[in-house]
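Structure data (TSV, C-alpha atoms and all ligand atoms) from work16.tsv:
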```
chain	number	residue	atom	x	y	z
P	1	MET	CA	-10.05	51.43	43.79
P	2	ASP	CA	-6.43	50.94	44.89
P	3	GLY	CA	-6.19	47.18	44.95
P	4	LYS	CA	-7.79	43.82	45.53
P	5	THR	CA	-7.98	41.44	48.46
P	6	LEU	CA	-8.90	37.78	47.98
P	7	LEU	CA	-11.00	35.96	50.55
P	8	PHE	CA	-11.72	32.22	50.68
P	9	CYS	CA	-14.86	30.69	52.15
P	10	ARG	CA	-16.85	27.49	51.94
P	11	PRO	CA	-18.36	27.24	48.42
P	12	GLY	CA	-21.95	28.48	48.59
P	13	PHE	CA	-21.17	31.10	51.24
P	14	GLU	CA	-19.68	33.74	48.90
P	15	LYS	CA	-22.64	36.11	49.27
P	16	ASP	CA	-22.53	35.84	53.06
P	17	LEU	CA	-18.83	36.67	53.07
P	18	ALA	CA	-19.45	39.58	50.67
P	19	ALA	CA	-22.24	40.90	52.94
P	20	GLU	CA	-19.91	40.63	55.93
P	21	THR	CA	-17.10	42.40	54.06
P	22	MET	CA	-19.38	45.24	53.01
P	23	ASN	CA	-20.50	45.58	56.62
P	24	HIS	CA	-16.86	46.09	57.64
P	25	ALA	CA	-16.41	48.59	54.79
P	26	SER	CA	-19.38	50.57	55.98
P	27	HIS	CA	-18.12	50.56	59.60
P	28	GLN	CA	-14.75	51.86	58.38
P	29	GLN	CA	-16.53	54.33	56.06
P	30	GLN	CA	-14.68	52.91	53.08
P	31	GLY	CA	-16.05	52.43	49.60
P	32	ALA	CA	-15.40	48.88	48.40
P	33	TYR	CA	-17.14	46.34	46.22
P	34	CYS	CA	-17.06	42.57	46.14
P	35	GLN	CA	-16.92	40.25	43.18
P	36	THR	CA	-18.13	36.80	44.26
P	37	LEU	CA	-16.78	33.81	42.36
P	38	ASP	CA	-19.95	31.82	42.95
P	39	GLY	CA	-19.49	28.13	43.61
P	40	LEU	CA	-15.72	28.52	43.99
P	41	GLY	CA	-15.72	29.81	47.56
P	42	LEU	CA	-13.83	32.97	46.59
P	43	VAL	CA	-14.56	36.67	46.93
P	44	LEU	CA	-12.41	39.38	45.35
P	45	VAL	CA	-12.71	42.66	47.21
P	46	ASN	CA	-11.94	45.82	45.25
P	47	ARG	CA	-10.86	48.26	47.92
P	48	PRO	CA	-9.04	51.46	48.76
P	49	HIS	CA	-5.68	51.12	50.61
P	50	ALA	CA	-7.18	52.34	53.86
P	51	PHE	CA	-9.73	49.51	54.05
P	52	ARG	CA	-8.29	46.96	56.47
P	53	LEU	CA	-9.70	43.45	56.51
P	54	LEU	CA	-8.57	41.04	59.21
P	55	LEU	CA	-9.04	37.32	58.78
P	56	GLY	CA	-9.68	36.91	62.50
P	57	ASP	CA	-12.60	39.36	62.33
P	58	LEU	CA	-14.37	37.66	59.45
P	59	ILE	CA	-16.79	34.88	60.33
P	60	PHE	CA	-17.04	33.40	56.85
P	61	ALA	CA	-13.43	33.79	55.63
P	62	ARG	CA	-10.98	30.90	55.73
P	63	GLN	CA	-7.98	32.49	54.03
P	64	LEU	CA	-6.98	36.00	53.00
P	65	TYR	CA	-4.54	37.48	50.48
P	66	GLU	CA	-4.08	41.14	51.41
P	67	THR	CA	-3.06	42.01	47.86
P	68	ALA	CA	-4.25	39.91	44.96
P	69	GLU	CA	-4.45	39.94	41.19
P	70	ASN	CA	-6.21	37.76	38.69
P	71	ILE	CA	-3.78	36.43	36.05
P	72	LYS	CA	-5.44	35.01	32.95
P	73	ASP	CA	-4.23	33.23	29.80
P	74	LEU	CA	-1.30	31.46	31.48
P	75	PRO	CA	0.54	29.73	28.62
P	76	ASP	CA	0.94	25.93	28.98
P	77	HIS	CA	4.66	26.17	28.17
P	78	ASP	CA	5.44	28.86	30.79
P	79	ARG	CA	3.04	29.64	33.61
P	80	VAL	CA	5.90	30.80	35.83
P	81	THR	CA	6.92	34.04	34.09
P	82	PRO	CA	3.60	35.95	34.33
P	83	ILE	CA	3.25	34.98	38.01
P	84	VAL	CA	6.83	35.97	38.89
P	85	ARG	CA	6.32	39.27	37.02
P	86	TRP	CA	3.33	40.08	39.16
P	87	PHE	CA	5.26	39.44	42.39
P	88	GLN	CA	8.05	41.67	41.02
P	89	SER	CA	5.48	44.40	40.35
P	90	GLN	CA	4.57	44.21	44.06
P	91	GLU	CA	8.21	44.89	44.96
P	92	VAL	CA	8.56	41.65	46.88
P	93	ASP	CA	12.20	40.63	47.36
P	94	ARG	CA	11.87	37.78	49.87
P	95	PHE	CA	9.22	35.47	51.17
P	96	GLN	CA	8.69	33.17	54.08
P	97	ASP	CA	6.83	30.50	52.14
P	98	ILE	CA	5.03	29.81	48.89
P	99	ILE	CA	1.52	28.43	49.28
P	100	LEU	CA	-0.23	27.02	46.24
P	101	GLU	CA	-3.97	26.67	46.57
P	102	SER	CA	-7.11	25.92	44.58
P	103	PRO	CA	-10.84	26.28	45.21
P	104	ASP	CA	-12.47	23.76	47.57
P	105	THR	CA	-14.37	22.12	44.69
P	106	ASN	CA	-13.96	18.87	42.74
P	107	ASP	CA	-12.28	20.78	39.89
P	108	GLY	CA	-10.03	22.51	42.42
P	109	LYS	CA	-9.07	19.21	44.04
P	110	ALA	CA	-8.21	17.79	40.60
P	111	LEU	CA	-5.41	20.39	40.43
P	112	SER	CA	-3.66	19.14	43.58
P	113	ARG	CA	-1.05	16.98	41.79
P	114	PHE	CA	-0.22	19.85	39.48
P	115	LEU	CA	0.16	22.20	42.47
P	116	LYS	CA	2.64	19.85	44.16
P	117	LYS	CA	4.82	19.86	41.03
P	118	PHE	CA	4.45	23.55	40.16
P	119	ILE	CA	6.01	24.71	43.42
P	120	HIS	CA	9.52	23.78	42.16
P	121	PRO	CA	9.62	25.77	38.88
P	122	LEU	CA	7.90	28.70	40.63
P	123	ALA	CA	10.50	28.79	43.43
P	124	LYS	CA	13.26	28.59	40.81
P	125	GLY	CA	11.70	31.38	38.73
P	126	LEU	CA	11.40	33.62	41.79
P	127	LYS	CA	15.01	32.95	42.79
P	128	GLN	CA	16.25	33.81	39.30
P	129	GLU	CA	14.61	37.22	39.69
P	130	GLY	CA	16.17	37.78	43.13
P	131	ILE	CA	13.05	36.93	45.13
P	132	THR	CA	14.44	34.61	47.76
P	133	ARG	CA	13.16	32.38	50.50
P	134	ALA	CA	13.66	33.69	54.04
P	135	SER	CA	11.96	30.97	56.08
P	136	GLN	CA	13.22	32.30	59.41
P	137	ASP	CA	12.13	35.88	58.72
P	138	LYS	CA	8.73	36.14	60.36
P	139	ASP	CA	8.19	39.57	58.80
P	140	ALA	CA	8.57	38.27	55.27
P	141	PRO	CA	5.27	37.73	53.47
P	142	CYS	CA	3.85	34.46	52.17
P	143	LEU	CA	3.37	34.26	48.44
P	144	HIS	CA	0.19	32.55	47.30
P	145	VAL	CA	-1.13	31.38	43.99
P	146	CYS	CA	-4.68	30.07	43.81
P	147	PHE	CA	-5.16	28.21	40.52
P	148	LEU	CA	-8.70	28.37	39.17
P	149	SER	CA	-7.68	26.24	36.17
P	150	TYR	CA	-4.43	25.47	34.33
P	151	GLN	CA	-4.84	28.79	32.50
P	152	GLU	CA	-6.03	31.12	35.23
P	153	ALA	CA	-4.81	31.93	38.73
P	154	ILE	CA	-5.09	34.56	41.42
P	155	ALA	CA	-1.71	35.48	42.84
P	156	GLY	CA	-1.54	37.13	46.22
P	157	ILE	CA	0.47	38.13	49.25
P	158	SER	CA	-0.32	37.56	52.91
P	159	TRP	CA	1.41	38.79	56.06
P	160	ARG	CA	1.97	37.39	59.50
P	161	GLY	CA	-1.01	37.64	61.80
P	162	ASN	CA	-3.45	37.96	58.92
P	163	GLN	CA	-3.23	34.60	57.16
P	164	SER	CA	-4.14	30.98	57.71
P	165	PRO	CA	-1.22	28.55	57.88
P	166	TYR	CA	-3.37	25.94	56.11
P	167	PRO	CA	-3.71	25.93	52.30
P	168	GLY	CA	-7.11	27.35	51.44
P	169	GLY	CA	-7.58	27.97	55.17
P	170	ILE	CA	-8.65	24.34	55.48
P	171	HIS	CA	-7.52	22.62	58.67
P	172	ARG	CA	-8.06	18.93	57.96
P	173	LEU	CA	-8.33	16.72	61.01
P	174	LYS	CA	-8.31	12.96	61.24
P	175	PHE	CA	-11.52	11.36	62.44
P	176	PRO	CA	-10.67	9.31	65.55
P	177	LYS	CA	-11.48	5.60	65.16
P	178	ASP	CA	-13.51	5.56	68.37
P	179	GLY	CA	-15.20	8.94	67.77
P	180	PRO	CA	-18.99	8.62	68.28
P	181	SER	CA	-19.84	11.04	65.43
P	182	ARG	CA	-18.13	13.16	62.79
P	183	SER	CA	-19.27	16.26	64.70
P	184	THR	CA	-16.38	15.59	67.05
P	185	LEU	CA	-14.08	17.25	64.50
P	186	LYS	CA	-15.96	20.55	64.82
P	187	LEU	CA	-15.14	20.87	68.50
P	188	GLU	CA	-11.57	19.68	67.96
P	189	GLU	CA	-11.09	22.36	65.31
P	190	ALA	CA	-12.63	24.97	67.63
P	191	PHE	CA	-10.23	23.98	70.43
P	192	LEU	CA	-7.26	24.27	68.10
P	193	ASP	CA	-8.17	27.36	66.10
P	194	LEU	CA	-10.76	29.39	68.01
P	195	LEU	CA	-9.74	29.06	71.64
P	196	PRO	CA	-7.01	31.59	72.57
P	197	GLY	CA	-3.79	29.62	73.06
P	198	GLY	CA	-5.37	26.48	71.62
P	199	LEU	CA	-4.50	23.44	73.72
P	200	LYS	CA	-2.45	25.66	76.06
P	201	HIS	CA	-5.68	27.29	77.28
P	202	PRO	CA	-6.08	26.94	81.11
P	203	LEU	CA	-9.04	24.62	80.48
P	204	PHE	CA	-6.59	21.92	79.48
P	205	THR	CA	-3.94	22.58	82.10
P	206	LYS	CA	-6.13	23.02	85.19
P	207	ASP	CA	-6.84	20.02	87.45
P	208	SER	CA	-10.37	18.61	87.58
P	209	CYS	CA	-12.45	20.66	85.16
P	210	THR	CA	-16.16	20.11	84.59
P	211	GLY	CA	-18.05	20.64	81.38
P	212	VAL	CA	-21.66	20.64	80.25
P	213	ASP	CA	-22.61	19.45	76.77
P	214	LEU	CA	-26.12	20.51	75.75
P	215	GLY	CA	-27.57	18.37	72.95
P	216	ALA	CA	-24.78	15.84	73.44
P	217	ALA	CA	-25.91	12.59	71.79
P	218	PRO	CA	-24.33	10.46	70.49
P	219	GLY	CA	-21.30	12.12	72.09
P	220	GLY	CA	-18.86	13.57	69.56
P	221	TRP	CA	-18.39	16.78	71.56
P	222	THR	CA	-18.42	14.98	74.91
P	223	TYR	CA	-15.68	12.76	73.43
P	224	GLN	CA	-13.44	15.83	72.99
P	225	LEU	CA	-14.05	16.98	76.58
P	226	VAL	CA	-13.37	13.49	77.96
P	227	LYS	CA	-10.21	13.28	75.84
P	228	HIS	CA	-8.95	16.26	77.87
P	229	ASN	CA	-10.04	14.69	81.16
P	230	ILE	CA	-12.97	17.06	81.65
P	231	PHE	CA	-15.84	15.53	83.64
P	232	THR	CA	-18.92	16.13	81.50
P	233	TYR	CA	-22.64	16.38	82.12
P	234	SER	CA	-24.04	15.29	78.76
P	235	VAL	CA	-27.58	16.58	78.37
P	236	ASP	CA	-29.73	14.86	75.75
P	237	ASN	CA	-32.73	12.55	75.66
P	238	GLY	CA	-31.00	10.58	72.92
P	239	PRO	CA	-28.59	7.68	73.56
P	240	MET	CA	-24.93	8.35	74.31
P	241	SER	CA	-22.01	6.21	73.16
P	242	PRO	CA	-21.62	3.31	75.66
P	243	ASP	CA	-17.81	3.71	75.58
P	244	LEU	CA	-18.13	7.30	76.79
P	245	LEU	CA	-20.54	6.30	79.54
P	246	ALA	CA	-18.07	3.61	80.64
P	247	SER	CA	-15.23	6.16	80.87
P	248	GLY	CA	-16.32	7.27	84.35
P	249	LEU	CA	-16.05	10.88	83.15
P	250	VAL	CA	-19.60	11.29	81.85
P	251	GLU	CA	-22.98	11.70	83.51
P	252	HIS	CA	-25.81	11.35	81.02
P	253	CYS	CA	-28.62	13.76	81.93
P	254	GLN	CA	-31.71	12.74	79.97
P	255	GLU	CA	-33.39	16.11	80.13
P	256	ASP	CA	-34.44	19.05	78.03
P	257	ALA	CA	-31.41	21.32	77.58
P	258	TYR	CA	-33.61	24.40	78.06
P	259	LYS	CA	-34.68	23.17	81.51
P	260	PHE	CA	-31.36	21.71	82.68
P	261	ARG	CA	-29.74	23.51	85.65
P	262	PRO	CA	-26.09	22.83	86.53
P	263	ARG	CA	-25.12	21.91	90.10
P	264	GLY	CA	-22.27	24.41	90.12
P	265	ARG	CA	-20.35	26.65	87.76
P	266	ALA	CA	-19.07	24.74	84.72
P	267	ASP	CA	-15.54	25.38	83.43
P	268	ILE	CA	-16.91	25.05	79.91
P	269	LEU	CA	-20.32	24.89	78.30
P	270	VAL	CA	-20.60	23.38	74.83
P	271	CYS	CA	-23.77	23.19	72.77
P	272	ASP	CA	-24.41	21.67	69.36
P	273	MET	CA	-28.21	21.58	69.20
P	274	VAL	CA	-30.10	21.87	65.94
P	275	ASP	CA	-32.44	24.71	66.84
P	276	GLN	CA	-33.27	28.28	65.89
P	277	PRO	CA	-30.11	30.40	66.32
P	278	SER	CA	-32.07	32.92	68.40
P	279	GLN	CA	-33.21	30.15	70.81
P	280	VAL	CA	-29.66	28.89	71.27
P	281	THR	CA	-28.45	32.47	71.71
P	282	ASN	CA	-31.01	33.10	74.44
P	283	LEU	CA	-29.95	29.89	76.18
P	284	ILE	CA	-26.27	30.87	76.12
P	285	TYR	CA	-27.21	34.37	77.29
P	286	LYS	CA	-28.99	32.80	80.27
P	287	TRP	CA	-25.98	30.62	81.17
P	288	PHE	CA	-23.67	33.63	81.26
P	289	SER	CA	-26.06	35.99	82.99
P	290	GLU	CA	-26.81	33.39	85.68
P	291	GLY	CA	-23.05	32.85	86.13
P	292	TRP	CA	-23.33	29.13	85.28
P	293	CYS	CA	-20.23	29.29	83.05
P	294	ASP	CA	-17.43	31.67	82.02
P	295	LEU	CA	-16.54	29.95	78.77
P	296	ALA	CA	-18.73	28.52	76.04
P	297	ILE	CA	-18.28	27.05	72.59
P	298	PHE	CA	-21.50	26.57	70.66
P	299	ASN	CA	-22.92	26.27	67.20
P	300	LEU	CA	-25.50	28.45	65.54
P	301	LYS	CA	-27.30	26.69	62.68
P	302	LEU	CA	-27.85	29.41	60.15
P	303	PRO	CA	-30.79	29.81	57.76
P	304	MET	CA	-30.30	29.38	53.99
P	305	LYS	CA	-30.56	33.12	53.36
P	306	LYS	CA	-29.16	36.23	55.06
P	307	ARG	CA	-26.82	34.11	57.15
P	308	PHE	CA	-24.53	37.01	57.99
P	309	GLN	CA	-27.41	39.17	59.23
P	310	GLU	CA	-28.71	36.32	61.42
P	311	ALA	CA	-25.25	35.63	62.85
P	312	GLN	CA	-24.71	39.34	63.53
P	313	GLN	CA	-28.04	39.61	65.36
P	314	CYS	CA	-27.10	36.70	67.65
P	315	LEU	CA	-23.64	38.15	68.31
P	316	ASP	CA	-25.14	41.57	69.08
P	317	THR	CA	-27.44	39.95	71.65
P	318	LEU	CA	-24.51	38.21	73.36
P	319	GLY	CA	-22.26	41.26	72.97
P	320	ALA	CA	-24.63	43.13	75.31
P	321	LEU	CA	-23.13	41.02	78.13
P	322	GLN	CA	-19.74	42.58	77.29
P	323	PRO	CA	-17.75	39.34	77.20
P	324	ARG	CA	-13.96	39.54	77.06
P	325	ILE	CA	-13.96	37.40	73.93
P	326	LEU	CA	-16.74	36.81	71.44
P	327	ARG	CA	-15.53	35.21	68.22
P	328	ALA	CA	-17.48	33.41	65.55
P	329	LYS	CA	-16.05	31.36	62.72
P	330	HIS	CA	-17.36	29.22	59.93
P	331	LEU	CA	-14.90	26.40	60.57
P	332	TYR	CA	-13.88	23.91	57.92
P	333	HIS	CA	-15.80	21.10	59.65
P	334	ASP	CA	-18.92	23.26	59.98
P	335	ARG	CA	-21.56	23.02	57.28
P	336	GLU	CA	-24.66	25.19	57.62
P	337	GLU	CA	-23.57	26.34	61.06
P	338	ILE	CA	-20.96	28.63	62.55
P	339	THR	CA	-19.04	28.06	65.77
P	340	VAL	CA	-18.96	30.73	68.45
P	341	LEU	CA	-16.52	31.13	71.32
P	342	MET	CA	-17.54	33.32	74.23
P	343	GLU	CA	-15.39	33.97	77.30
P	344	LYS	CA	-16.41	36.26	80.13
Q	401	LIG	C1	-26.31	17.59	66.05
Q	401	LIG	S1	-26.79	16.57	67.35
Q	401	LIG	C2	-25.45	16.71	68.46
Q	401	LIG	C3	-24.28	15.92	68.04
Q	401	LIG	C4	-23.21	15.88	69.10
Q	401	LIG	N1	-22.64	17.19	69.36
Q	401	LIG	C5	-22.09	14.96	68.69
Q	401	LIG	O1	-21.00	15.44	68.46
Q	401	LIG	O2	-22.31	13.75	68.63
Q	401	LIG	C6	-28.00	17.51	68.14
Q	401	LIG	C7	-28.55	16.86	69.40
Q	401	LIG	O3	-29.31	17.84	70.10
Q	401	LIG	C8	-30.32	17.16	70.78
Q	401	LIG	N2	-31.35	18.13	71.17
Q	401	LIG	C9	-32.10	18.92	70.38
Q	401	LIG	N3	-32.93	19.68	71.14
Q	401	LIG	C10	-32.67	19.36	72.43
Q	401	LIG	C11	-33.18	19.80	73.68
Q	401	LIG	N4	-34.13	20.73	73.75
Q	401	LIG	N5	-32.68	19.26	74.80
Q	401	LIG	C12	-31.71	18.32	74.75
Q	401	LIG	N6	-31.18	17.87	73.60
Q	401	LIG	C13	-31.66	18.38	72.45
Q	401	LIG	C14	-30.79	16.10	69.83
Q	401	LIG	O4	-31.41	15.04	70.54
Q	401	LIG	C15	-29.48	15.68	69.16
Q	401	LIG	O5	-28.96	14.53	69.77
```
Please express the file's structure as structure tokens.
Ligand SMILES: C[S@@+](CC[C@H](N)C(=O)[O-])C[C@H]1O[C@@H](n2cnc3c(N)ncnc32)[C@H](O)[C@@H]1O
Amino acid sequence: MDGKTLLFCRPGFEKDLAAETMNHASHQQQGAYCQTLDGLGLVLVNRPHAFRLLLGDLIFARQLYETAENIKDLPDHDRVTPIVRWFQSQEVDRFQDIILESPDTNDGKALSRFLKKFIHPLAKGLKQEGITRASQDKDAPCLHVCFLSYQEAIAGISWRGNQSPYPGGIHRLKFPKDGPSRSTLKLEEAFLDLLPGGLKHPLFTKDSCTGVDLGAAPGGWTYQLVKHNIFTYSVDNGPMSPDLLASGLVEHCQEDAYKFRPRGRADILVCDMVDQPSQVTNLIYKWFSEGWCDLAIFNLKLPMKKRFQEAQQCLDTLGALQPRILRAKHLYHDREEITVLMEK
């Protein structure tokens, strides 16, 4: 093997990410093997140079270091030198930023104060060896160090277009005071990170858009649509937030989502129902094939085992419709589900 790539995921999903990575390796006819750091949300991929992994293509990955190395036995009195030496060995002479990270676990979070302090001696140590900051140089790599403990870290390098700007790939969002449910953050994150152009997408700039929210109660996803002035048909037999109903931008349709028929084409369909992924997939398939929407964001609640295989099966079904965009991501605010964006 020529080198290692480090991938981050939600702790507990390491095997799913490894299965997904091996699927990419097999498509590219590359031999690779994955070492899962179970419970830490990390997967080290031992790979040949030619094996190309893209963060945007991986459902379960949050962050990616294209080149990575495990550095053990960091001495308490000088953790900087072994890390700087490794970056020197990679022939790095400048960097856009240094990102210090730790696993998304309680032990990892306990390192956060240390990480804030460590950035200064590390930057100084790099500078002393001629590795300088070039913040404006978009082609310069980002240098990462993921501390597993005070004694052990994985150092790595990421490049523009194949990295998350958020430490650990975690995009934290603030829960709005008047949000009807925490689920609202899932759709907000999808708008920001999954939708091409984010909030510059035509959905948010066009006048008078309409949306349909299947399985809407109590209204966290409808809240996001209303926030962007999208008139929403909220389909659910359960009760909706009275504030949303009073907004004048919501019609509560107390119906079964599988039987609901829209009055015209919706600018966006969203769906956050807890149901079999294959059932939700068939429902979305129907919406697109009937021409009831051109854009959808929906969740697939995955089983406890073989999550990647299940997700892939659903995506294959929808892929048969040849959409322009079909992207799935295990977002930070997702738990047992993944979020899918489909645009015709
Ligand atoms: C996870 S909750 C949705 C939460 C919502 N997205 C939010 O942000 O507040 C799932 C909802 O789907 C609804 N649901 C499940 N099956 C449904 C069906 N066949 N038709 C309509 N609603 C359904 C449930 O009543 C429940 O309110």
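The coordinates place CA of Gln224 (chain P) at 15.2 Å from CA of Ser208 (chain P).
Proximity to Trp159 (chain P) was assessed for P:Arg52, P:Arg307, P:Arg172, P:Lys138 counting all atoms listed in the file; the smallest distance is recorded for P:Lys138.
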**Item:** Closest of P:Gln63, P:Asn282, P:Thr210, P:Gln276 to Tyr332 (chain P) - atom-to-atom distances counting all atoms listed in the file
**Value:**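 With all atoms listed in the file as the atom set, the closest residue is P:Gln63.
Of the listed residues (P:Thr222, P:Tyr285, P:Tyr166, P:Val212), P:Val212 comes nearest to Gly264 (chain P); the distances count all atoms listed in the file.
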Could you give me, as a PDB file with C-alpha atoms, in the coordinates of the input, every polymer residue with an atom at most 9 Å away from an atom of ligand LIG 401 (chain Q), counting all atoms listed in the file?
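Written file, part-v1.pdb:
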```
ATOM      1  CA  GLY P 179     -15.200   8.940  67.770  1.00  0.00           C
ATOM      2  CA  PRO P 180     -18.990   8.620  68.280  1.00  0.00           C
ATOM      3  CA  SER P 181     -19.840  11.040  65.430  1.00  0.00           C
ATOM      4  CA  ARG P 182     -18.130  13.160  62.790  1.00  0.00           C
ATOM      5  CA  SER P 183     -19.270  16.260  64.700  1.00  0.00           C
ATOM      6  CA  THR P 184     -16.380  15.590  67.050  1.00  0.00           C
ATOM      7  CA  LEU P 185     -14.080  17.250  64.500  1.00  0.00           C
ATOM      8  CA  LYS P 186     -15.960  20.550  64.820  1.00  0.00           C
ATOM      9  CA  LEU P 187     -15.140  20.870  68.500  1.00  0.00           C
ATOM     10  CA  ASP P 213     -22.610  19.450  76.770  1.00  0.00           C
ATOM     11  CA  LEU P 214     -26.120  20.510  75.750  1.00  0.00           C
ATOM     12  CA  GLY P 215     -27.570  18.370  72.950  1.00  0.00           C
ATOM     13  CA  ALA P 216     -24.780  15.840  73.440  1.00  0.00           C
ATOM     14  CA  ALA P 217     -25.910  12.590  71.790  1.00  0.00           C
ATOM     15  CA  PRO P 218     -24.330  10.460  70.490  1.00  0.00           C
ATOM     16  CA  GLY P 219     -21.300  12.120  72.090  1.00  0.00           C
ATOM     17  CA  GLY P 220     -18.860  13.570  69.560  1.00  0.00           C
ATOM     18  CA  TRP P 221     -18.390  16.780  71.560  1.00  0.00           C
ATOM     19  CA  THR P 222     -18.420  14.980  74.910  1.00  0.00           C
ATOM     20  CA  TYR P 223     -15.680  12.760  73.430  1.00  0.00           C
ATOM     21  CA  GLN P 224     -13.440  15.830  72.990  1.00  0.00           C
ATOM     22  CA  VAL P 235     -27.580  16.580  78.370  1.00  0.00           C
ATOM     23  CA  ASP P 236     -29.730  14.860  75.750  1.00  0.00           C
ATOM     24  CA  ASN P 237     -32.730  12.550  75.660  1.00  0.00           C
ATOM     25  CA  GLY P 238     -31.000  10.580  72.920  1.00  0.00           C
ATOM     26  CA  PRO P 239     -28.590   7.680  73.560  1.00  0.00           C
ATOM     27  CA  MET P 240     -24.930   8.350  74.310  1.00  0.00           C
ATOM     28  CA  SER P 241     -22.010   6.210  73.160  1.00  0.00           C
ATOM     29  CA  GLN P 254     -31.710  12.740  79.970  1.00  0.00           C
ATOM     30  CA  GLU P 255     -33.390  16.110  80.130  1.00  0.00           C
ATOM     31  CA  ASP P 256     -34.440  19.050  78.030  1.00  0.00           C
ATOM     32  CA  ALA P 257     -31.410  21.320  77.580  1.00  0.00           C
ATOM     33  CA  TYR P 258     -33.610  24.400  78.060  1.00  0.00           C
ATOM     34  CA  LYS P 259     -34.680  23.170  81.510  1.00  0.00           C
ATOM     35  CA  PHE P 260     -31.360  21.710  82.680  1.00  0.00           C
ATOM     36  CA  VAL P 270     -20.600  23.380  74.830  1.00  0.00           C
ATOM     37  CA  CYS P 271     -23.770  23.190  72.770  1.00  0.00           C
ATOM     38  CA  ASP P 272     -24.410  21.670  69.360  1.00  0.00           C
ATOM     39  CA  MET P 273     -28.210  21.580  69.200  1.00  0.00           C
ATOM     40  CA  VAL P 274     -30.100  21.870  65.940  1.00  0.00           C
ATOM     41  CA  ASP P 275     -32.440  24.710  66.840  1.00  0.00           C
TER      42      ASP P 275
END
```
**Message:** Need the shell around region 6-9 of chain P: protein/DNA/RNA residues with any atom at most 10 Å away, counting only C-alpha atoms. Skip same-chain ones fewer than 5 positions apart. Format as a PyMOL selection string?
**Reply:** chain P and resi 14-18+21+34-37+40-46+53+55+58-70+102-104+146+154-158+168-170+330-332
**Asked** For the atom pair CA of Asp139 (chain P) and CA of Asp193 (chain P), what is the interatomic distance in Å to one decimal place?
**Response** 21.7 Å
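Of the residues listed (P:Arg10, P:Arg160, P:His252, P:Arg94), P:Arg94 shows the shortest atom-to-atom separation from Glu129 (chain P); distances use only C-alpha atoms.
Closest to Lys344 (chain P) among P:Pro303, P:Gly291, P:Ala328, P:Leu315 is P:Gly291, based on all atoms listed in the file.
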To box region 257-261 of chain P, take all atoms listed in the file, fit an axis-aligned box, add 3 Å on each side, and give centre and edge lengths in Å to one decimal, as JSON.
```
{"center_x": -32.2, "center_y": 22.9, "center_z": 81.6, "size_x": 10.9, "size_y": 9.1, "size_z": 14.1}
```
**Request:** Find the distance between CA of Leu295 (chain P) and CA of His333 (chain P) and write it in Å to one decimal.
**Result:**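 Going from CA of Leu295 (chain P) over to CA of His333 (chain P), I get 21.1 Å.
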**Asked** So which residues touch Pro121 (chain P) within 12 Å, counting all atoms listed in the file, skipping near sequence neighbours fewer than 4 positions away, as a count of residues only?
**Response** 16
**Prompt:** With all atoms listed in the file as the basis for distance, which of P:Ala266, P:Val250, P:Met22, P:Leu111 is at the shortest distance from Trp292 (chain P)?
**Reply:**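 Of P:Ala266, P:Val250, P:Met22, P:Leu111, the one nearest Trp292 (chain P), counting all atoms listed in the file, is P:Ala266.
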**Item:** All residues 7 Å or closer to region 24-28 of chain P, all atoms listed in the file, same chain fewer than 4 positions away omitted, as a ChimeraX atom specification
**Value:** /P:20,32,51
